[in-house]
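Asks: The file below is model.tsv, TSV, C-alpha atoms and all ligand atoms:
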chain	number	residue	atom	x	y	z
Q	1	MET	CA	103.75	128.19	55.89
Q	2	THR	CA	104.43	129.58	52.50
Q	3	LEU	CA	103.39	128.52	49.00
Q	4	ILE	CA	105.91	127.53	46.37
Q	5	SER	CA	106.08	130.38	43.86
Q	6	ASN	CA	108.58	129.02	41.36
Q	7	VAL	CA	110.45	125.83	40.46
Q	8	SER	CA	113.26	125.87	37.92
Q	9	LEU	CA	115.12	122.85	36.64
Q	10	ARG	CA	118.41	122.60	34.79
Q	11	ARG	CA	121.08	120.13	33.74
Q	12	VAL	CA	124.30	120.34	35.74
Q	13	LEU	CA	127.43	118.15	35.86
Q	14	ASP	CA	127.78	115.27	38.26
Q	15	SER	CA	131.11	113.95	39.55
Q	16	ARG	CA	131.44	111.50	36.65
Q	17	GLY	CA	130.92	114.32	34.17
Q	18	ASN	CA	127.41	113.15	33.32
Q	19	PRO	CA	124.45	115.50	33.29
Q	20	THR	CA	122.07	115.41	36.24
Q	21	VAL	CA	118.99	117.37	37.35
Q	22	GLU	CA	119.27	120.42	39.60
Q	23	ALA	CA	116.16	122.08	41.05
Q	24	ASP	CA	115.63	125.57	42.50
Q	25	VAL	CA	112.51	126.13	44.59
Q	26	LEU	CA	111.32	129.61	45.55
Q	27	THR	CA	108.50	130.46	47.94
Q	28	GLU	CA	106.10	133.40	48.09
Q	29	SER	CA	107.80	134.70	51.23
Q	30	GLY	CA	111.23	134.62	49.63
Q	31	GLY	CA	112.47	131.20	50.79
Q	32	PHE	CA	114.97	129.47	48.51
Q	33	GLY	CA	116.25	125.91	48.18
Q	34	ARG	CA	118.53	124.24	45.63
Q	35	ALA	CA	119.31	120.53	45.29
Q	36	ALA	CA	120.67	118.10	42.70
Q	37	ALA	CA	120.01	114.43	42.04
Q	38	PRO	CA	122.83	111.92	42.45
Q	39	SER	CA	123.18	108.87	40.19
Q	40	GLY	CA	124.20	105.25	40.75
Q	41	ALA	CA	126.39	102.91	38.68
Q	42	SER	CA	125.67	99.66	40.52
Q	43	THR	CA	121.96	100.36	40.57
Q	44	GLY	CA	119.44	97.92	42.03
Q	45	GLU	CA	116.94	96.24	39.73
Q	46	TYR	CA	114.03	97.61	41.79
Q	47	GLU	CA	115.08	101.26	42.07
Q	48	ALA	CA	112.84	104.12	40.93
Q	49	ILE	CA	113.60	105.09	37.35
Q	50	GLU	CA	116.21	107.69	36.48
Q	51	LEU	CA	115.37	109.25	33.08
Q	52	PRO	CA	117.87	110.99	30.83
Q	53	PRO	CA	118.03	114.44	32.51
Q	54	SER	CA	116.60	116.43	29.58
Q	55	GLU	CA	113.61	114.07	29.40
Q	56	ALA	CA	113.15	114.15	33.17
Q	57	ILE	CA	113.25	117.95	33.14
Q	58	ALA	CA	110.81	118.30	30.24
Q	59	SER	CA	108.39	115.86	31.82
Q	60	ALA	CA	108.58	117.46	35.28
Q	61	ARG	CA	107.98	120.89	33.73
Q	62	ARG	CA	104.87	119.56	32.03
Q	63	HIS	CA	103.43	117.42	34.85
Q	64	ALA	CA	104.90	118.40	38.21
Q	65	ILE	CA	105.57	122.14	38.22
Q	66	PRO	CA	101.92	123.13	37.56
Q	67	ARG	CA	100.90	121.03	40.59
Q	68	LEU	CA	103.49	122.70	42.82
Q	69	VAL	CA	103.54	126.41	41.99
Q	70	GLY	CA	100.87	128.33	43.89
Q	71	GLU	CA	99.43	125.00	45.07
Q	72	VAL	CA	101.75	123.48	47.64
Q	73	HIS	CA	103.47	124.76	50.79
Q	74	ALA	CA	107.26	124.44	50.86
Q	75	GLY	CA	107.35	123.70	54.60
Q	76	ASN	CA	104.93	120.78	54.24
Q	77	GLN	CA	107.16	118.05	52.85
Q	78	ARG	CA	104.41	115.42	52.73
Q	79	GLU	CA	102.30	117.77	50.61
Q	80	VAL	CA	105.20	118.47	48.24
Q	81	ASP	CA	106.02	114.80	47.83
Q	82	ALA	CA	102.37	113.76	47.40
Q	83	ALA	CA	102.10	116.33	44.60
Q	84	LEU	CA	105.19	114.82	42.94
Q	85	ARG	CA	103.70	111.32	43.18
Q	86	ALA	CA	100.35	112.51	41.82
Q	87	ALA	CA	102.06	114.36	38.97
Q	88	ASP	CA	104.01	111.23	38.06
Q	89	GLY	CA	101.18	108.72	38.40
Q	90	THR	CA	103.40	105.61	38.35
Q	91	ASP	CA	104.91	103.51	41.16
Q	92	ASP	CA	108.49	104.05	40.07
Q	93	PHE	CA	108.61	107.68	38.89
Q	94	SER	CA	109.05	106.52	35.31
Q	95	GLU	CA	106.99	109.48	34.03
Q	96	ILE	CA	108.85	112.48	35.49
Q	97	GLY	CA	112.01	110.56	36.50
Q	98	ALA	CA	113.19	109.88	40.04
Q	99	ASN	CA	116.02	112.33	39.28
Q	100	SER	CA	113.58	115.22	38.77
Q	101	ALA	CA	111.46	114.07	41.71
Q	102	VAL	CA	114.30	113.81	44.22
Q	103	ALA	CA	115.89	117.11	43.16
Q	104	ILE	CA	112.57	118.94	43.61
Q	105	SER	CA	111.77	117.12	46.86
Q	106	MET	CA	115.13	118.02	48.43
Q	107	ALA	CA	115.08	121.60	47.08
Q	108	ALA	CA	111.58	122.13	48.53
Q	109	ALA	CA	112.80	120.86	51.92
Q	110	LYS	CA	115.66	123.36	51.83
Q	111	ALA	CA	113.25	126.15	50.85
Q	112	GLY	CA	111.03	125.12	53.78
Q	113	ALA	CA	114.01	125.30	56.14
Q	114	ASP	CA	115.02	128.65	54.70
Q	115	VAL	CA	111.55	130.07	55.38
Q	116	LEU	CA	111.76	128.88	58.97
Q	117	GLY	CA	115.29	130.19	59.34
Q	118	ALA	CA	116.29	126.75	60.63
Q	119	PRO	CA	119.04	124.43	59.43
Q	120	LEU	CA	117.75	121.65	57.19
Q	121	TYR	CA	118.48	118.90	59.72
Q	122	GLN	CA	116.29	120.67	62.26
Q	123	HIS	CA	113.46	121.27	59.79
Q	124	LEU	CA	113.55	117.55	58.90
Q	125	GLY	CA	114.26	116.12	62.36
Q	126	GLY	CA	112.54	118.60	64.68
Q	127	THR	CA	113.86	120.44	67.69
Q	128	PHE	CA	113.81	117.33	69.87
Q	129	ARG	CA	115.78	115.04	67.59
Q	130	GLY	CA	118.47	112.97	69.34
Q	131	GLU	CA	121.96	114.20	70.10
Q	132	ASN	CA	123.75	111.52	68.12
Q	133	PHE	CA	125.88	111.87	65.06
Q	134	PRO	CA	126.28	109.23	62.40
Q	135	ILE	CA	129.59	107.39	62.07
Q	136	PRO	CA	130.98	107.99	58.57
Q	137	LEU	CA	131.71	104.85	56.56
Q	138	GLY	CA	134.64	105.84	54.34
Q	139	ASN	CA	135.36	104.11	51.05
Q	140	VAL	CA	139.12	103.46	51.07
Q	141	VAL	CA	139.74	100.68	48.52
Q	142	GLY	CA	137.37	99.42	45.89
Q	143	GLY	CA	136.51	98.27	42.43
Q	144	GLY	CA	133.47	96.48	41.04
Q	145	GLU	CA	131.32	98.77	38.94
Q	146	HIS	CA	133.19	101.83	40.25
Q	147	ALA	CA	136.62	101.04	38.79
Q	148	LYS	CA	137.95	98.74	36.11
Q	149	GLU	CA	140.70	96.15	36.75
Q	150	ALA	CA	140.47	96.54	40.52
Q	151	THR	CA	138.90	94.42	43.29
Q	152	HIS	CA	135.77	92.33	42.73
Q	153	ILE	CA	134.31	93.55	46.02
Q	154	GLN	CA	132.99	97.04	45.35
Q	155	GLU	CA	133.92	98.86	48.57
Q	156	PHE	CA	136.22	98.39	51.57
Q	157	LEU	CA	134.89	100.89	54.10
Q	158	ALA	CA	136.67	102.31	57.14
Q	159	ALA	CA	134.44	102.63	60.21
Q	160	PRO	CA	135.91	104.76	63.03
Q	161	VAL	CA	133.50	103.37	65.63
Q	162	GLY	CA	135.46	104.70	68.62
Q	163	ALA	CA	135.95	108.27	67.40
Q	164	PRO	CA	135.09	110.79	70.13
Q	165	SER	CA	133.51	113.22	67.64
Q	166	VAL	CA	132.21	113.31	64.11
Q	167	SER	CA	135.08	115.56	63.08
Q	168	GLU	CA	137.67	113.11	64.44
Q	169	ALA	CA	135.84	110.31	62.66
Q	170	VAL	CA	135.94	112.16	59.32
Q	171	PHE	CA	139.68	112.84	59.69
Q	172	ALA	CA	140.29	109.24	60.78
Q	173	ASN	CA	138.83	107.97	57.51
Q	174	ALA	CA	141.02	110.36	55.56
Q	175	ALA	CA	144.03	109.06	57.52
Q	176	VAL	CA	143.13	105.43	56.71
Q	177	HIS	CA	142.82	106.44	53.04
Q	178	ALA	CA	146.27	108.07	53.12
Q	179	ARG	CA	147.82	105.11	54.96
Q	180	ALA	CA	146.32	102.66	52.43
Q	181	SER	CA	148.05	104.61	49.67
Q	182	GLU	CA	151.42	104.29	51.46
Q	183	ILE	CA	150.90	100.56	51.97
Q	184	LEU	CA	150.02	100.10	48.30
Q	185	ASP	CA	153.17	102.06	47.37
Q	186	GLU	CA	155.29	99.88	49.66
Q	187	ARG	CA	153.86	96.84	47.88
Q	188	GLY	CA	154.71	98.36	44.52
Q	189	THR	CA	151.08	98.47	43.44
Q	190	PRO	CA	150.09	101.52	41.46
Q	191	ALA	CA	146.62	102.70	42.37
Q	192	ALA	CA	144.30	104.93	40.42
Q	193	LYS	CA	141.09	106.09	42.05
Q	194	GLY	CA	137.57	104.84	41.42
Q	195	ASP	CA	134.42	106.91	41.00
Q	196	GLU	CA	134.10	107.67	44.71
Q	197	GLY	CA	137.75	108.50	45.32
Q	198	ALA	CA	138.69	105.12	46.81
Q	199	TRP	CA	141.99	103.55	45.72
Q	200	ALA	CA	141.36	101.13	42.87
Q	201	PRO	CA	144.49	98.97	42.72
Q	202	PRO	CA	144.86	95.96	40.40
Q	203	ILE	CA	145.07	93.51	43.31
Q	204	SER	CA	143.05	90.52	44.46
Q	205	ASP	CA	140.31	90.83	47.05
Q	206	ALA	CA	142.50	88.83	49.47
Q	207	GLU	CA	145.31	91.40	49.11
Q	208	ALA	CA	142.83	94.26	49.54
Q	209	PHE	CA	141.80	92.74	52.88
Q	210	GLU	CA	145.46	92.75	53.96
Q	211	VAL	CA	145.94	96.37	52.88
Q	212	MET	CA	142.75	97.49	54.59
Q	213	ASP	CA	143.46	95.56	57.77
Q	214	GLN	CA	146.91	97.10	58.06
Q	215	ALA	CA	145.78	100.63	57.14
Q	216	VAL	CA	143.04	100.48	59.76
Q	217	SER	CA	145.22	99.08	62.54
Q	218	ASP	CA	148.11	101.49	61.82
Q	219	THR	CA	145.70	104.44	61.93
Q	220	GLU	CA	144.06	103.09	65.06
Q	221	ASP	CA	147.48	102.95	66.76
Q	222	GLU	CA	148.25	106.47	65.63
Q	223	LEU	CA	144.95	108.05	66.67
Q	224	GLY	CA	144.25	106.00	69.78
Q	225	PHE	CA	140.61	105.08	69.20
Q	226	GLU	CA	138.90	102.08	67.70
Q	227	ILE	CA	138.63	101.87	63.93
Q	228	ARG	CA	137.14	98.85	62.20
Q	229	PHE	CA	136.10	98.20	58.65
Q	230	GLY	CA	133.27	96.85	56.57
Q	231	LEU	CA	132.31	96.06	52.99
Q	232	ASP	CA	129.84	96.81	50.26
Q	233	MET	CA	130.02	93.59	48.27
Q	234	ALA	CA	127.39	94.79	45.74
Q	235	ALA	CA	126.85	91.07	45.16
Q	236	ALA	CA	124.02	91.56	42.67
Q	237	GLU	CA	126.76	92.70	40.29
Q	238	LEU	CA	128.79	89.54	40.98
Q	239	TYR	CA	125.82	87.18	40.69
Q	240	ASP	CA	125.41	85.45	37.34
Q	241	GLU	CA	122.13	83.67	36.78
Q	242	GLU	CA	123.51	81.33	34.13
Q	243	GLU	CA	126.39	80.29	36.36
Q	244	ASP	CA	123.98	80.25	39.30
Q	245	GLY	CA	126.73	81.74	41.42
Q	246	TYR	CA	128.97	84.67	42.27
Q	247	VAL	CA	131.71	85.29	39.74
Q	248	TYR	CA	135.12	86.36	41.07
Q	249	GLY	CA	137.23	86.37	37.91
Q	250	ASP	CA	137.85	82.71	37.12
Q	251	GLU	CA	136.21	81.48	40.27
Q	252	VAL	CA	132.48	80.98	40.77
Q	253	LYS	CA	131.04	80.60	44.27
Q	254	SER	CA	127.68	78.91	44.84
Q	255	THR	CA	125.25	80.66	47.17
Q	256	ASP	CA	126.27	78.34	50.03
Q	257	GLU	CA	129.94	79.06	49.36
Q	258	GLN	CA	129.24	82.80	49.24
Q	259	ILE	CA	127.51	82.66	52.63
Q	260	GLU	CA	130.42	80.65	54.06
Q	261	TYR	CA	132.93	83.08	52.54
Q	262	VAL	CA	131.23	86.17	53.98
Q	263	ALA	CA	130.69	84.57	57.41
Q	264	ASP	CA	134.41	83.68	57.53
Q	265	LEU	CA	135.38	87.24	56.53
Q	266	VAL	CA	133.19	88.68	59.28
Q	267	ASP	CA	135.03	86.61	61.86
Q	268	GLU	CA	138.55	86.88	60.44
Q	269	TYR	CA	138.47	90.67	60.07
Q	270	GLU	CA	135.87	91.48	62.74
Q	271	LEU	CA	133.88	93.32	60.11
Q	272	VAL	CA	131.32	95.72	61.54
Q	273	TYR	CA	129.32	96.08	58.35
Q	274	VAL	CA	128.52	94.03	55.25
Q	275	GLU	CA	126.28	95.54	52.59
Q	276	ASP	CA	124.64	93.46	49.86
Q	277	PRO	CA	126.52	90.21	50.54
Q	278	LEU	CA	124.08	88.32	48.31
Q	279	ASP	CA	122.00	88.90	45.20
Q	280	GLU	CA	119.15	91.43	45.37
Q	281	ASN	CA	116.55	88.65	44.92
Q	282	ASP	CA	117.93	86.28	47.53
Q	283	TYR	CA	116.02	87.07	50.74
Q	284	GLU	CA	116.63	83.49	51.88
Q	285	GLY	CA	120.41	83.68	51.52
Q	286	PHE	CA	120.41	87.04	53.32
Q	287	ALA	CA	118.37	85.48	56.14
Q	288	GLU	CA	120.76	82.55	56.48
Q	289	LEU	CA	123.78	84.84	56.69
Q	290	THR	CA	122.03	87.20	59.13
Q	291	ASP	CA	121.17	84.23	61.30
Q	292	ARG	CA	124.85	83.22	61.36
Q	293	VAL	CA	126.58	86.55	61.93
Q	294	GLY	CA	123.87	89.18	62.52
Q	295	ASP	CA	124.64	89.24	66.25
Q	296	ARG	CA	128.12	90.64	65.60
Q	297	THR	CA	127.90	92.65	62.39
Q	298	LEU	CA	125.44	94.70	60.41
Q	299	ILE	CA	124.04	92.91	57.39
Q	300	CYS	CA	122.71	95.73	55.24
Q	301	GLY	CA	120.32	95.69	52.29
Q	302	ASP	CA	120.98	98.26	49.56
Q	303	ASP	CA	120.01	96.76	46.19
Q	304	LEU	CA	117.91	94.30	48.23
Q	305	PHE	CA	115.64	96.99	49.74
Q	306	VAL	CA	116.15	100.02	47.44
Q	307	THR	CA	114.75	102.31	50.20
Q	308	ASN	CA	111.33	100.81	49.46
Q	309	VAL	CA	108.96	100.08	52.38
Q	310	GLU	CA	107.40	97.07	50.68
Q	311	ARG	CA	110.73	95.42	49.99
Q	312	LEU	CA	111.89	96.31	53.50
Q	313	GLN	CA	108.73	94.80	55.01
Q	314	ASP	CA	109.41	91.59	53.05
Q	315	GLY	CA	112.93	91.61	54.46
Q	316	ILE	CA	111.69	92.17	58.02
Q	317	ASP	CA	109.21	89.30	57.62
Q	318	ALA	CA	112.01	87.04	56.36
Q	319	ASP	CA	114.61	88.19	58.97
Q	320	ALA	CA	116.75	88.97	55.95
Q	321	ALA	CA	119.02	91.65	57.44
Q	322	ASN	CA	119.45	93.98	60.41
Q	323	SER	CA	120.05	97.27	58.61
Q	324	ILE	CA	119.04	99.20	55.51
Q	325	LEU	CA	120.86	101.61	53.23
Q	326	ILE	CA	118.82	104.75	52.57
Q	327	LYS	CA	119.26	106.55	49.25
Q	328	PRO	CA	116.53	109.11	48.55
Q	329	ASN	CA	116.98	108.85	44.77
Q	330	GLN	CA	116.31	105.09	44.86
Q	331	ILE	CA	112.72	105.84	45.84
Q	332	GLY	CA	112.21	109.41	44.57
Q	333	THR	CA	111.20	111.62	47.52
Q	334	LEU	CA	112.30	112.52	51.04
Q	335	SER	CA	108.90	111.44	52.43
Q	336	ASP	CA	109.36	107.95	50.97
Q	337	ALA	CA	112.88	107.80	52.41
Q	338	PHE	CA	111.52	108.87	55.82
Q	339	ASP	CA	108.86	106.13	55.65
Q	340	ALA	CA	111.58	103.53	55.07
Q	341	ILE	CA	113.64	104.94	57.97
Q	342	GLU	CA	110.62	104.86	60.27
Q	343	LEU	CA	109.76	101.28	59.35
Q	344	ALA	CA	113.38	100.29	59.92
Q	345	ASN	CA	113.50	102.02	63.32
Q	346	ARG	CA	110.26	100.38	64.45
Q	347	ASN	CA	111.73	96.98	63.67
Q	348	GLY	CA	115.14	97.41	65.24
Q	349	TYR	CA	116.95	97.85	61.93
Q	350	GLU	CA	119.85	100.31	61.84
Q	351	THR	CA	119.81	102.90	59.05
Q	352	ILE	CA	122.76	104.00	56.94
Q	353	ILE	CA	122.20	107.14	54.87
Q	354	SER	CA	124.12	106.96	51.61
Q	355	HIS	CA	125.52	108.88	48.68
Q	356	ARG	CA	125.63	107.48	45.13
Q	357	SER	CA	128.76	106.86	43.10
Q	358	GLY	CA	127.77	109.79	40.87
Q	359	GLU	CA	127.36	112.83	43.13
Q	360	THR	CA	127.26	116.62	43.22
Q	361	GLU	CA	128.11	119.21	45.88
Q	362	ASP	CA	124.62	118.72	47.36
Q	363	THR	CA	124.74	118.14	51.13
Q	364	THR	CA	121.17	117.03	51.84
Q	365	ILE	CA	122.15	113.54	53.00
Q	366	ALA	CA	124.35	114.94	55.79
Q	367	HIS	CA	121.27	116.72	57.18
Q	368	LEU	CA	119.08	113.68	56.63
Q	369	ALA	CA	121.48	111.47	58.60
Q	370	VAL	CA	121.58	113.90	61.54
Q	371	ALA	CA	117.83	114.56	61.41
Q	372	THR	CA	117.00	110.86	61.67
Q	373	ASP	CA	119.71	109.78	64.13
Q	374	ALA	CA	121.13	107.34	61.60
Q	375	ALA	CA	123.80	104.98	62.91
Q	376	PHE	CA	126.06	105.56	59.91
Q	377	ILE	CA	126.46	107.75	56.86
Q	378	LYS	CA	128.22	106.36	53.79
Q	379	THR	CA	129.55	109.23	51.76
Q	380	GLY	CA	133.14	108.52	50.73
Q	381	THR	CA	136.36	109.82	52.21
Q	382	VAL	CA	137.99	112.35	49.88
Q	383	GLN	CA	137.10	114.30	46.69
Q	384	GLY	CA	134.97	117.43	46.63
Q	385	GLU	CA	131.57	115.87	46.08
Q	386	ARG	CA	132.23	113.55	49.08
Q	387	THR	CA	133.91	116.12	51.32
Q	388	ALA	CA	130.94	118.45	50.68
Q	389	LYS	CA	128.83	116.12	52.84
Q	390	LEU	CA	131.58	115.32	55.35
Q	391	ASN	CA	132.41	118.99	55.89
Q	392	GLU	CA	128.71	119.76	56.27
Q	393	LEU	CA	128.55	117.14	59.05
Q	394	ILE	CA	131.44	118.89	60.79
Q	395	ARG	CA	129.60	122.22	60.43
Q	396	ILE	CA	126.37	120.75	61.80
Q	397	ALA	CA	128.24	119.39	64.83
Q	398	ASP	CA	129.85	122.81	65.27
Q	399	ASP	CA	126.45	124.53	65.03
Q	400	ALA	CA	127.74	126.46	62.04
Q	401	VAL	CA	125.17	125.82	59.32
Q	501	LIG	O1	126.31	100.52	45.86
Q	501	LIG	C1	126.33	101.58	46.51
Q	501	LIG	O2	126.08	101.54	47.71
Q	501	LIG	C2	126.54	102.90	45.84
Q	501	LIG	C3	127.25	103.95	46.63
Q	501	LIG	O3	128.50	103.56	47.12
Q	501	LIG	O4	127.02	102.77	44.55
Q	501	LIG	P1	126.06	103.22	43.34
Q	501	LIG	O5	125.66	104.61	43.59
Q	501	LIG	O6	126.90	103.03	42.10
Q	501	LIG	O7	124.88	102.29	43.36
Q	502	MG	MG	125.66	99.37	47.75
What does the file become when written as structure tokens?

Replies:
Amino acid sequence: MTLISNVSLRRVLDSRGNPTVEADVLTESGGFGRAAAPSGASTGEYEAIELPPSEAIASARRHAIPRLVGEVHAGNQREVDAALRAADGTDDFSEIGANSAVAISMAAAKAGADVLGAPLYQHLGGTFRGENFPIPLGNVVGGGEHAKEATHIQEFLAAPVGAPSVSEAVFANAAVHARASEILDERGTPAAKGDEGAWAPPISDAEAFEVMDQAVSDTEDELGFEIRFGLDMAAAELYDEEEDGYVYGDEVKSTDEQIEYVADLVDEYELVYVEDPLDENDYEGFAELTDRVGDRTLICGDDLFVTNVERLQDGIDADAANSILIKPNQIGTLSDAFDAIELANRNGYETIISHRSGETEDTTIAHLAVATDAAFIKTGTVQGERTAKLNELIRIADDAV
């Protein structure tokens, strides 16, 4: 194993045009890794703290880099991430910023892989990882915090569950995206795109279900394998404490009505996946919904769990869900993300590795999903910062990384 010899940090652009943190890690034996932090728009209340990039960089230079350079081995991810935690000294990375932490953590992992001469997924997952590939969940239509004047539900996600290969699955999602555009055109609905490249038409959620249902079944007919769809409701953004309910324009649904609504949607559209159907503080509501439909769909906690083992353990104790979204920048390091994945696996929860709405060309999550045998990866459908991960998945499957 080789010591880290240099860490450099800089501000680069993310896909929304905002600055984000990029890290380069060099090792004494000449290993190199580069990674950049993504950034959320519909962030969970309990996520690790993202600092303004210049502050995060200045603070990491002061506190973290001296603990890494000449001190820590790049191939020992636990050691790297423990040094980041020690340098920060808080529970939520509010001192050096989860954006600095995750960029350094991922860059160090890549430097470790480079030293070994192994692809990142193999460095992270080991030689004897499973043979499976994640099914890509592709954002096709959406709104919420990712697009103005579009649907209330944040994401309508294609799920090519019957695709014979990861490559065919990736192209299937692109085909659903293209078909949805044609259907919207036929309906005379102009559609801009949201932050993640999904169509963001000014239509009701009910119409979006019709568009999605048709786009999925047309593409299924064309390609000849099963394609279903799911949702990220991002319900914490819909929930209004004063109204004590979920606000859909002029309509407010009580918690009971929200549970009823989602349960009906699961059955009507045979949804395979529903992320954040209730507010991020409502373990009880999550548990009630999971009890009703958890045998036939994945109920996934994103803002609910924020990739945090303590919040996940609370959810497991409450039977709140049956799957967890994993976003390394929600918790700050790859080791913390692995701990959440391990806890999920031990308790029969599926894992879904995810991008953020603000992204870069970084492909770490594609490797993380393969390394950990995740059931799904949620990383968009089109647009360069999304296709970077999808194309990397295709390369991994083709043994070409
Ligand atoms: O809610 C989500 O799952 C994500 C990614 O789609 O959005 P954001 O990064 O804005 O939190
Ligand atoms: Mg989400």

Asks: Can you work out which residues are within 7 Å of ligand MG 502 (chain Q), considering all atoms listed in the file, and then hand them over as JSON, numbers by chain?

Replies: {"Q": [232, 234, 275, 276, 302, 303]}

Asks: What does the list of residues within 10 Å of ligand LIG 501 (chain Q) look like if you count all atoms listed in the file, written as a ChimeraX atom specification?

Replies: /Q:38-44,47,138-139,142,144-146,154-155,157,195-196,231-237,275-276,301-303,306,325-327,329-330,353-359,378-380

Asks: Identify, on the basis of all atoms listed in the file, every residue whose closest approach to Ala175 of chain Q does not exceed 9 Å; exclude the query and any residue fewer than 6 positions from it along the same chain; express the result as a count of residues only.

Replies: 3

Asks: Do you know which residues are at most 9 Å from Arg61 of chain Q counting only C-alpha atoms, after dropping those on the same chain fewer than 2 positions away, and could you put them as a ChimeraX atom specification?

Replies: /Q:7-9,56-59,63-66,96

Asks: Could those selected residues go to a file with C-alpha atoms, as a PDB file, in the coordinates of the input?

Replies:
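Full text of out-v5.pdb as output:
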ATOM      1  CA  VAL Q   7     110.450 125.830  40.460  1.00  0.00           C
ATOM      2  CA  SER Q   8     113.260 125.870  37.920  1.00  0.00           C
ATOM      3  CA  LEU Q   9     115.120 122.850  36.640  1.00  0.00           C
ATOM      4  CA  ALA Q  56     113.150 114.150  33.170  1.00  0.00           C
ATOM      5  CA  ILE Q  57     113.250 117.950  33.140  1.00  0.00           C
ATOM      6  CA  ALA Q  58     110.810 118.300  30.240  1.00  0.00           C
ATOM      7  CA  SER Q  59     108.390 115.860  31.820  1.00  0.00           C
ATOM      8  CA  HIS Q  63     103.430 117.420  34.850  1.00  0.00           C
ATOM      9  CA  ALA Q  64     104.900 118.400  38.210  1.00  0.00           C
ATOM     10  CA  ILE Q  65     105.570 122.140  38.220  1.00  0.00           C
ATOM     11  CA  PRO Q  66     101.920 123.130  37.560  1.00  0.00           C
ATOM     12  CA  ILE Q  96     108.850 112.480  35.490  1.00  0.00           C
TER      13      ILE Q  96
END

Asks: Need to verify the contact set: Ala318 of chain Q, 9 Å, all atoms listed in the file, exclusion of same-chain residues closer than 6 positions in sequence. Can you return it as a list in words?

Replies: Tyr283, Glu284, Phe286 and Ala287 of chain Q

Asks: Show me the residues around (112.7, 127.0, 55.1) - criterion: an atom at most 12 Å away, only C-alpha atoms counted - as number ranges by chain.

Replies: Q: 1-4, 25-34, 73-77, 106-124

Asks: How far is it from atom CA of Glu350 of chain Q to atom CA of Ser323 of chain Q, in Å with one decimal?

Replies: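 The value is 4.4 Å.
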
Asks: Using only C-alpha atoms, which of Q:Phe376, Q:Val21, Q:Ala371, Q:Asp81 sits nearest Pro53 of chain Q?

Replies: Q:Val21

Asks: Segment 218-326 of chain Q near segment 162-171 of chain Q within 7 Å: what's each residue's closest atom pair and its distance in Å to one decimal, counting all atoms listed in the file, ordered by chain then ascending residue number, as CSV?

Replies:
residue,atom,partner,partner_atom,distance
Q:Phe225,CA,Q:Gly162,CA,5.2
Q:Glu226,CA,Q:Gly162,CA,4.4
Q:Ile227,CA,Q:Gly162,CA,6.3

Asks: Using atom CA of Ile394 of chain Q and atom CA of Val102 of chain Q as the two end points, give the distance in Å to one decimal.

Replies: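 Spanning atom CA of Ile394 of chain Q to atom CA of Val102 of chain Q is a straight-line distance of 24.4 Å.
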
Asks: Closest to Lys389 of chain Q among Q:Val247, Q:Arg62, Q:Glu361, Q:Leu278, using all atoms listed in the file?

Replies: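 Among the listed residues, Q:Glu361 lies closest to Lys389 of chain Q.
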
Asks: Which of these residues is nearest to Ala35 of chain Q, using only C-alpha atoms: Q:Leu368, Q:Gly224, Q:Thr360, Q:Ala320?

Replies: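 Ranking Q:Leu368, Q:Gly224, Q:Thr360, Q:Ala320 by distance to Ala35 of chain Q, first place goes to Q:Thr360.
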
Asks: Specify the axis-aligned box that encloses all atoms of segment 221-239 of chain Q listed in the file after padding of 5 Å on each side, stating its centre and edge lengths in Å to one decimal as AutoDock Vina command-line options.

Replies:
--center_x 136.1 --center_y 97.6 --center_z 55.0 --size_x 34.2 --size_y 30.9 --size_z 39.5

Asks: Which is closest to Leu393 of chain Q among Q:Ile135, Q:Val293, Q:Ala82, Q:Val211, if we use all atoms listed in the file?

Replies: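 So, comparing all the options, the nearest one is Q:Ile135.
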
Asks: Report, in Å with one decimal, the straight-line distance from atom CA of Ser100 of chain Q to atom CA of Pro328 of chain Q.

Replies: 11.9 Å

Asks: Name the closest residue to Asp317 of chain Q among the candidates Q:Glu242, Q:Ser105, Q:Asn347, Q:Ile396; distances are taken between atoms, counting all atoms listed in the file.

Replies: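 For Asp317 of chain Q, the nearest of the given residues is Q:Asn347.
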
Asks: For a quick check of understanding, using all atoms listed in the file, which of Q:Ala37, Q:Val309, Q:Val274, Q:Leu289 has the smallest distance to Glu50 of chain Q?

Replies: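 Smallest separation from Glu50 of chain Q among the options: Q:Ala37.
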